$ cat input-v6.cif   # mmCIF, C-alpha atoms, pLDDT in the B column; chains and numbers go by the auth columns
data_upload
#
loop_
_atom_site.group_PDB
_atom_site.id
_atom_site.type_symbol
_atom_site.label_atom_id
_atom_site.label_comp_id
_atom_site.label_asym_id
_atom_site.label_seq_id
_atom_site.Cartn_x
_atom_site.Cartn_y
_atom_site.Cartn_z
_atom_site.B_iso_or_equiv
_atom_site.auth_seq_id
_atom_site.auth_asym_id
ATOM 1 C CA MET A 1 16.401 -46.212 18.641 94.00 8 A
ATOM 2 C CA HIS A 2 18.648 -49.249 18.541 96.00 9 A
ATOM 3 C CA GLU A 3 20.977 -50.264 15.744 97.00 10 A
ATOM 4 C CA LEU A 4 20.551 -53.841 14.572 97.00 11 A
ATOM 5 C CA GLU A 5 22.779 -56.124 12.544 96.00 12 A
ATOM 6 C CA VAL A 6 21.653 -59.009 10.391 95.00 13 A
ATOM 7 C CA VAL A 7 22.714 -62.315 11.919 93.00 14 A
ATOM 8 C CA GLY A 8 21.303 -64.296 9.022 91.00 15 A
ATOM 9 C CA VAL A 9 18.352 -66.013 7.462 93.00 16 A
ATOM 10 C CA ARG A 10 17.046 -69.165 9.092 89.00 17 A
ATOM 11 C CA ILE A 11 14.336 -71.659 8.234 86.00 18 A
ATOM 12 C CA GLU A 12 11.879 -72.519 10.979 82.00 19 A
ATOM 13 C CA LEU A 13 11.110 -76.214 11.088 79.00 20 A
ATOM 14 C CA PRO A 14 8.783 -78.032 10.578 80.00 21 A
ATOM 15 C CA SER A 15 6.855 -75.284 8.729 80.00 22 A
ATOM 16 C CA ASN A 16 9.850 -74.300 6.547 83.00 23 A
ATOM 17 C CA GLN A 17 8.958 -70.636 7.162 87.00 24 A
ATOM 18 C CA PRO A 18 11.990 -68.344 6.629 92.00 25 A
ATOM 19 C CA LEU A 19 12.903 -65.703 9.147 92.00 26 A
ATOM 20 C CA VAL A 20 15.601 -63.089 9.299 94.00 27 A
ATOM 21 C CA LEU A 21 17.356 -62.803 12.635 94.00 28 A
ATOM 22 C CA LEU A 22 18.586 -59.374 13.711 95.00 29 A
ATOM 23 C CA LYS A 23 20.695 -58.546 16.767 95.00 30 A
ATOM 24 C CA ASP A 24 20.858 -55.324 18.750 95.00 31 A
ATOM 25 C CA VAL A 25 24.507 -54.246 18.423 95.00 32 A
ATOM 26 C CA ASN A 26 24.572 -52.966 22.022 93.00 33 A
ATOM 27 C CA SER A 27 22.785 -55.776 23.843 92.00 34 A
ATOM 28 C CA LYS A 28 21.944 -59.455 23.711 91.00 35 A
ATOM 29 C CA ARG A 29 18.451 -58.846 22.326 94.00 36 A
ATOM 30 C CA HIS A 30 17.582 -60.485 19.021 95.00 37 A
ATOM 31 C CA LEU A 31 14.669 -59.699 16.748 95.00 38 A
ATOM 32 C CA PRO A 32 13.293 -62.592 14.670 94.00 39 A
ATOM 33 C CA ILE A 33 11.120 -61.487 11.746 94.00 40 A
ATOM 34 C CA TRP A 34 9.216 -64.005 9.642 92.00 41 A
ATOM 35 C CA ILE A 35 9.628 -63.150 5.964 93.00 42 A
ATOM 36 C CA GLY A 36 8.705 -64.509 2.558 90.00 43 A
ATOM 37 C CA ALA A 37 10.889 -66.870 0.561 89.00 44 A
ATOM 38 C CA PRO A 38 11.840 -64.301 -2.130 89.00 45 A
ATOM 39 C CA GLU A 39 13.008 -61.792 0.477 90.00 46 A
ATOM 40 C CA ALA A 40 14.862 -64.531 2.372 91.00 47 A
ATOM 41 C CA SER A 41 16.655 -65.431 -0.864 90.00 48 A
ATOM 42 C CA ALA A 42 17.497 -61.783 -1.563 90.00 49 A
ATOM 43 C CA ILE A 43 19.010 -61.318 1.897 92.00 50 A
ATOM 44 C CA ALA A 44 20.853 -64.657 1.946 91.00 51 A
ATOM 45 C CA MET A 45 22.241 -64.233 -1.576 90.00 52 A
ATOM 46 C CA PHE A 46 23.665 -60.832 -0.697 91.00 53 A
ATOM 47 C CA GLN A 47 25.178 -62.101 2.556 90.00 54 A
ATOM 48 C CA GLN A 48 26.824 -64.975 0.677 90.00 55 A
ATOM 49 C CA GLY A 49 28.239 -62.621 -1.954 90.00 56 A
ATOM 50 C CA ILE A 50 26.237 -64.175 -4.794 89.00 57 A
ATOM 51 C CA ILE A 51 25.918 -61.755 -7.699 87.00 58 A
ATOM 52 C CA PRO A 52 23.113 -62.619 -10.130 87.00 59 A
ATOM 53 C CA PRO A 53 23.736 -62.152 -13.860 88.00 60 A
ATOM 54 C CA ARG A 54 20.996 -59.494 -13.976 90.00 61 A
ATOM 55 C CA PRO A 55 19.944 -57.175 -11.128 87.00 62 A
ATOM 56 C CA LEU A 56 17.298 -58.427 -8.758 89.00 63 A
ATOM 57 C CA THR A 57 14.599 -56.003 -7.596 92.00 64 A
ATOM 58 C CA HIS A 58 16.553 -54.799 -4.548 93.00 65 A
ATOM 59 C CA ASP A 59 19.712 -54.336 -6.645 93.00 66 A
ATOM 60 C CA LEU A 60 17.683 -52.389 -9.219 94.00 67 A
ATOM 61 C CA MET A 61 16.282 -50.131 -6.503 95.00 68 A
ATOM 62 C CA ILE A 62 19.745 -49.331 -5.128 95.00 69 A
ATOM 63 C CA ALA A 63 21.073 -48.659 -8.650 94.00 70 A
ATOM 64 C CA THR A 64 18.119 -46.333 -9.273 95.00 71 A
ATOM 65 C CA LEU A 65 18.705 -44.453 -6.017 95.00 72 A
ATOM 66 C CA GLU A 66 22.400 -44.087 -6.865 94.00 73 A
ATOM 67 C CA ALA A 67 21.579 -42.812 -10.377 95.00 74 A
ATOM 68 C CA LEU A 68 19.200 -40.251 -8.850 94.00 75 A
ATOM 69 C CA HIS A 69 21.783 -39.223 -6.206 94.00 76 A
ATOM 70 C CA ALA A 70 19.291 -40.128 -3.474 94.00 77 A
ATOM 71 C CA PRO A 71 21.197 -42.398 -1.103 95.00 78 A
ATOM 72 C CA LEU A 72 19.364 -44.475 1.452 96.00 79 A
ATOM 73 C CA LEU A 73 20.553 -43.109 4.819 97.00 80 A
ATOM 74 C CA ARG A 74 19.022 -45.700 7.114 97.00 81 A
ATOM 75 C CA VAL A 75 16.172 -48.130 7.571 98.00 82 A
ATOM 76 C CA GLU A 76 13.913 -47.960 10.602 98.00 83 A
ATOM 77 C CA ILE A 77 11.751 -50.794 11.906 98.00 84 A
ATOM 78 C CA VAL A 78 8.968 -48.711 13.363 97.00 85 A
ATOM 79 C CA SER A 79 6.175 -51.044 14.488 96.00 86 A
ATOM 80 C CA VAL A 80 4.902 -54.568 14.888 94.00 87 A
ATOM 81 C CA LEU A 81 1.246 -55.540 14.909 91.00 88 A
ATOM 82 C CA ASN A 82 -0.032 -59.119 14.688 88.00 89 A
ATOM 83 C CA ALA A 83 3.502 -60.306 13.861 87.00 90 A
ATOM 84 C CA VAL A 84 3.664 -57.898 10.907 92.00 91 A
ATOM 85 C CA PHE A 85 6.632 -55.550 11.088 96.00 92 A
ATOM 86 C CA THR A 86 6.532 -52.127 9.449 96.00 93 A
ATOM 87 C CA ALA A 87 9.639 -50.292 8.310 97.00 94 A
ATOM 88 C CA GLU A 88 10.532 -46.973 6.747 98.00 95 A
ATOM 89 C CA LEU A 89 13.275 -46.080 4.306 97.00 96 A
ATOM 90 C CA VAL A 90 14.864 -42.787 5.383 97.00 97 A
ATOM 91 C CA PHE A 91 16.412 -40.414 2.854 96.00 98 A
ATOM 92 C CA ALA A 92 17.847 -36.874 3.026 92.00 99 A
ATOM 93 C CA ASN A 93 15.669 -34.166 4.623 91.00 100 A
ATOM 94 C CA ASP A 94 13.972 -36.921 6.644 91.00 101 A
ATOM 95 C CA VAL A 95 11.992 -38.093 3.613 95.00 102 A
ATOM 96 C CA ARG A 96 10.421 -41.408 4.585 97.00 103 A
ATOM 97 C CA VAL A 97 8.952 -44.202 2.498 97.00 104 A
ATOM 98 C CA ASP A 98 6.833 -46.996 3.978 97.00 105 A
ATOM 99 C CA ALA A 99 8.295 -50.474 3.335 96.00 106 A
ATOM 100 C CA ARG A 100 7.960 -54.075 4.341 95.00 107 A
ATOM 101 C CA SER A 101 10.653 -54.834 6.890 96.00 108 A
ATOM 102 C CA SER A 102 12.097 -57.647 4.766 95.00 109 A
ATOM 103 C CA ASP A 103 12.494 -55.354 1.748 96.00 110 A
ATOM 104 C CA ALA A 104 13.942 -52.603 3.926 97.00 111 A
ATOM 105 C CA ILE A 105 16.526 -55.012 5.367 97.00 112 A
ATOM 106 C CA ALA A 106 17.494 -56.271 1.901 96.00 113 A
ATOM 107 C CA LEU A 107 17.950 -52.666 0.740 96.00 114 A
ATOM 108 C CA ALA A 108 19.904 -51.660 3.853 97.00 115 A
ATOM 109 C CA LEU A 109 22.382 -54.477 3.304 96.00 116 A
ATOM 110 C CA ARG A 110 22.950 -53.408 -0.299 95.00 117 A
ATOM 111 C CA ALA A 111 23.158 -49.704 0.584 96.00 118 A
ATOM 112 C CA GLU A 112 25.441 -50.483 3.545 96.00 119 A
ATOM 113 C CA CYS A 113 23.336 -48.254 5.759 97.00 120 A
ATOM 114 C CA PRO A 114 22.213 -48.767 9.365 98.00 121 A
ATOM 115 C CA ILE A 115 19.162 -50.768 10.333 98.00 122 A
ATOM 116 C CA MET A 116 17.525 -49.027 13.283 98.00 123 A
ATOM 117 C CA CYS A 117 14.671 -50.244 15.472 97.00 124 A
ATOM 118 C CA HIS A 118 12.325 -48.409 17.804 96.00 125 A
ATOM 119 C CA GLU A 119 12.592 -49.401 21.465 95.00 126 A
ATOM 120 C CA HIS A 120 8.936 -50.433 21.719 95.00 127 A
ATOM 121 C CA VAL A 121 9.368 -52.922 18.844 95.00 128 A
ATOM 122 C CA LEU A 122 12.306 -54.586 20.603 94.00 129 A
ATOM 123 C CA ASP A 123 10.357 -54.572 23.871 93.00 130 A
ATOM 124 C CA GLU A 124 7.393 -56.249 22.208 93.00 131 A
ATOM 125 C CA ALA A 125 9.060 -58.731 19.835 93.00 132 A
ATOM 126 C CA GLY A 126 12.700 -58.984 20.911 93.00 133 A
ATOM 127 C CA VAL A 127 14.199 -62.091 22.429 91.00 134 A
ATOM 128 C CA LEU A 128 16.835 -61.772 25.124 85.00 135 A
ATOM 129 C CA VAL A 129 19.700 -64.226 24.695 77.00 136 A
ATOM 130 C CA ALA A 130 21.783 -64.621 27.853 66.00 137 A
ATOM 131 C CA ASP A 131 25.566 -64.172 27.835 57.00 138 A
ATOM 132 C CA ASP A 132 27.928 -66.822 29.222 46.00 139 A
ATOM 133 C CA GLN A 133 31.497 -66.551 30.560 46.00 140 A
ATOM 134 C CA ASP A 134 32.908 -69.142 28.206 42.00 141 A
ATOM 135 C CA ALA A 135 32.499 -67.947 24.592 49.00 142 A
ATOM 136 C CA ALA A 136 32.146 -71.383 23.001 55.00 143 A
ATOM 137 C CA GLU A 137 29.771 -72.552 25.698 59.00 144 A
ATOM 138 C CA GLY A 138 27.876 -69.275 25.438 59.00 145 A
ATOM 139 C CA GLU A 139 27.368 -69.685 21.703 65.00 146 A
ATOM 140 C CA GLU A 140 26.055 -73.219 22.194 70.00 147 A
ATOM 141 C CA ASP A 141 23.696 -71.981 24.892 68.00 148 A
ATOM 142 C CA GLN A 142 22.480 -69.172 22.639 68.00 149 A
ATOM 143 C CA LEU A 143 21.835 -71.557 19.775 72.00 150 A
ATOM 144 C CA ARG A 144 20.039 -74.017 22.046 75.00 151 A
ATOM 145 C CA GLU A 145 17.944 -71.260 23.610 73.00 152 A
ATOM 146 C CA PHE A 146 17.026 -69.831 20.210 71.00 153 A
ATOM 147 C CA ARG A 147 16.132 -73.297 18.865 71.00 154 A
ATOM 148 C CA GLU A 148 13.889 -73.837 21.871 72.00 155 A
ATOM 149 C CA PHE A 149 12.315 -70.443 21.231 69.00 156 A
ATOM 150 C CA LEU A 150 11.672 -71.324 17.573 69.00 157 A
ATOM 151 C CA GLU A 151 10.119 -74.669 18.507 71.00 158 A
ATOM 152 C CA GLU A 152 7.566 -73.003 20.765 71.00 159 A
ATOM 153 C CA VAL A 153 6.793 -69.688 19.077 65.00 160 A
ATOM 154 C CA GLU A 154 4.234 -69.000 16.369 68.00 161 A
ATOM 155 C CA PRO A 155 3.982 -65.782 14.316 65.00 162 A
ATOM 156 C CA GLU A 156 0.720 -65.028 16.138 65.00 163 A
ATOM 157 C CA ASP A 157 2.630 -64.869 19.449 59.00 164 A
ATOM 158 C CA PHE A 158 4.067 -61.473 18.486 58.00 165 A
ATOM 159 C CA ASP A 159 0.684 -59.759 18.620 56.00 166 A
ATOM 160 C CA LYS A 160 0.418 -60.268 22.391 50.00 167 A
#
$ encode --input "input-v6.cif" --output "structure tokens"
Amino acid sequence: MHELEVVGVRIELPSNQPLVLLKDVNSKRHLPIWIGAPEASAIAMFQQGIIPPRPLTHDLMIATLEALHAPLLRVEIVSVLNAVFTAELVFANDVRVDARSSDAIALALRAECPIMCHEHVLDEAGVLVADDQDAAEGEEDQLREFREFLEEVEPEDFDK
């Protein structure tokens, strides 16, 4: 299993399809996951520190788990099939609940718990971004390479 961190939410052009970009904390592999607009908003709002006047669904879920003393221990991205990622919420005693990956990521951010990913998912859908000696130049290269990737890839490509 690999721990991932959320890089951010991006919009793929020209289709305006949102995706969440995750990065393996111990390598240069990234995992792009196409998600719906509501989930993209939930993730982006949390990352930007925006607090809505009333709890959103993911906030409500975390508040419920806290009230029940059932903390979310981690989220696992367990499979990908036809560009659809499957995740599990993991609680005490290895209790697992099936979840959409976008919802699981939104909950993990709010619960401040790890986002884990099975090796085979990264092997199948991960994108390797090369490292460069010069940090600034390396970041530009990574952005260029990822933009090129986004221009050429379709969600259907992940089922290969």
$ resolve_selection --input "input-v6.cif" --expression "the PyMOL selection byres ((chain A and resi 122) around 9)" --output "PyMOL selection string"
chain A and resi 9-13+81-84+111-112+115-116+120-121+123-124
$ write_last_selection --input "input-v6.cif" --atoms "C-alpha atoms" --output "PDB file, keeping the file's coordinate frame"
ATOM      1  CA  HIS A   9      18.648 -49.249  18.541  1.00 96.00           C
ATOM      2  CA  GLU A  10      20.977 -50.264  15.744  1.00 97.00           C
ATOM      3  CA  LEU A  11      20.551 -53.841  14.572  1.00 97.00           C
ATOM      4  CA  GLU A  12      22.779 -56.124  12.544  1.00 96.00           C
ATOM      5  CA  VAL A  13      21.653 -59.009  10.391  1.00 95.00           C
ATOM      6  CA  ARG A  81      19.022 -45.700   7.114  1.00 97.00           C
ATOM      7  CA  VAL A  82      16.172 -48.130   7.571  1.00 98.00           C
ATOM      8  CA  GLU A  83      13.913 -47.960  10.602  1.00 98.00           C
ATOM      9  CA  ILE A  84      11.751 -50.794  11.906  1.00 98.00           C
ATOM     10  CA  ALA A 111      13.942 -52.603   3.926  1.00 97.00           C
ATOM     11  CA  ILE A 112      16.526 -55.012   5.367  1.00 97.00           C
ATOM     12  CA  ALA A 115      19.904 -51.660   3.853  1.00 97.00           C
ATOM     13  CA  LEU A 116      22.382 -54.477   3.304  1.00 96.00           C
ATOM     14  CA  CYS A 120      23.336 -48.254   5.759  1.00 97.00           C
ATOM     15  CA  PRO A 121      22.213 -48.767   9.365  1.00 98.00           C
ATOM     16  CA  MET A 123      17.525 -49.027  13.283  1.00 98.00           C
ATOM     17  CA  CYS A 124      14.671 -50.244  15.472  1.00 97.00           C
TER      18      CYS A 124
END
$ residues_around --input "input-v6.cif" --residues "Ala77 of chain A" --least-positions-apart "5" --cutoff "10 Å" --atoms "all atoms listed in the file" --output "list in words"
Ile69, Thr71, Leu72, Phe98 and Ala99 of chain A
$ residues_around --input "input-v6.cif" --residues "Pro45 of chain A" --least-positions-apart "6" --cutoff "12 Å" --atoms "only C-alpha atoms" --output "list in words"
Val16, Gln24, Pro25, Leu26, Ala51, Met52, Leu63, Thr64, His65, Ser109, Asp110 and Ala113 of chain A
$ atom_distance --input "input-v6.cif" --atom1 "atom CA of Trp41 of chain A" --atom2 "atom CA of Glu158 of chain A"
13.9 Å
$ atom_distance --input "input-v6.cif" --atom1 "atom CA of Ala44 of chain A" --atom2 "atom CA of Leu20 of chain A"
14.1 Å
$ resolve_selection --input "input-v6.cif" --expression "the PyMOL selection byres ((chain A and resi 19) around 12)" --output "PyMOL selection string"
chain A and resi 16-18+20-28+39-42+44+153-162
$ resolve_selection --input "input-v6.cif" --expression "the PyMOL selection byres ((chain A and resi 85) around 10)" --output "list in words"
Met8, Val82, Glu83, Ile84, Ser86, Val87, Phe92, Thr93, Ala94, Glu95, Asp105, Ser108, Met123, Cys124, His125, Glu126, His127, Val128 and Leu129 of chain A
$ closest_residue --input "input-v6.cif" --among "A:Asp66, A:Ile58, A:Ala132, A:Asn100" --to "Arg36 of chain A" --atoms "only C-alpha atoms"
A:Ala132
$ closest_residue --input "input-v6.cif" --among "A:Asp130, A:Leu150, A:His37, A:Leu96" --to "Met68 of chain A" --atoms "all atoms listed in the file"
A:Leu96
$ atom_distance --input "input-v6.cif" --atom1 "atom CA of Ala74 of chain A" --atom2 "atom CA of Arg107 of chain A"
23.0 Å
$ closest_residue --input "input-v6.cif" --among "A:Lys35, A:Gly56, A:Leu114, A:Asn89" --to "Glu131 of chain A" --atoms "all atoms listed in the file"
A:Asn89
$ decode --input "input-v6.cif" --residues "segment 74-86 of chain A" --atoms "N, CA, C and O atoms" --output "compact mmCIF listing (two decimals), in the first residue's frame"
# COMPACT_ATOMS: atom_id res chain seq x y z
N ALA A 74 -19.44 12.03 16.86
CA ALA A 74 -20.46 11.89 17.90
C ALA A 74 -20.63 10.42 18.31
O ALA A 74 -20.93 10.13 19.48
N LEU A 75 -20.42 9.51 17.38
CA LEU A 75 -20.54 8.08 17.66
C LEU A 75 -19.24 7.46 18.15
O LEU A 75 -19.18 6.25 18.38
N HIS A 76 -18.20 8.27 18.29
CA HIS A 76 -16.86 7.80 18.71
C HIS A 76 -16.37 6.68 17.79
O HIS A 76 -15.88 5.65 18.24
N ALA A 77 -16.54 6.90 16.49
CA ALA A 77 -16.12 5.94 15.47
C ALA A 77 -15.23 6.66 14.46
O ALA A 77 -15.65 6.94 13.34
N PRO A 78 -14.00 6.98 14.86
CA PRO A 78 -13.14 7.75 13.95
C PRO A 78 -12.78 6.97 12.69
O PRO A 78 -12.62 5.75 12.70
N LEU A 79 -12.66 7.72 11.61
CA LEU A 79 -12.19 7.18 10.35
C LEU A 79 -10.68 7.05 10.45
O LEU A 79 -9.97 8.03 10.66
N LEU A 80 -10.16 5.81 10.35
CA LEU A 80 -8.73 5.57 10.52
C LEU A 80 -7.92 5.84 9.26
O LEU A 80 -6.84 6.39 9.31
N ARG A 81 -8.49 5.43 8.14
CA ARG A 81 -7.82 5.65 6.85
C ARG A 81 -8.82 5.38 5.73
O ARG A 81 -9.87 4.80 5.95
N VAL A 82 -8.43 5.81 4.55
CA VAL A 82 -9.17 5.57 3.33
C VAL A 82 -8.26 4.77 2.43
O VAL A 82 -7.06 5.03 2.36
N GLU A 83 -8.81 3.76 1.76
CA GLU A 83 -8.02 2.96 0.84
C GLU A 83 -8.66 3.00 -0.54
O GLU A 83 -9.85 2.73 -0.68
N ILE A 84 -7.86 3.34 -1.54
CA ILE A 84 -8.30 3.24 -2.94
C ILE A 84 -7.91 1.83 -3.36
O ILE A 84 -6.72 1.50 -3.42
N VAL A 85 -8.93 1.00 -3.59
CA VAL A 85 -8.68 -0.43 -3.71
C VAL A 85 -8.73 -0.99 -5.13
O VAL A 85 -8.18 -2.06 -5.39
N SER A 86 -9.40 -0.28 -6.06
CA SER A 86 -9.46 -0.81 -7.42
C SER A 86 -9.81 0.29 -8.41
O SER A 86 -10.28 1.36 -8.03
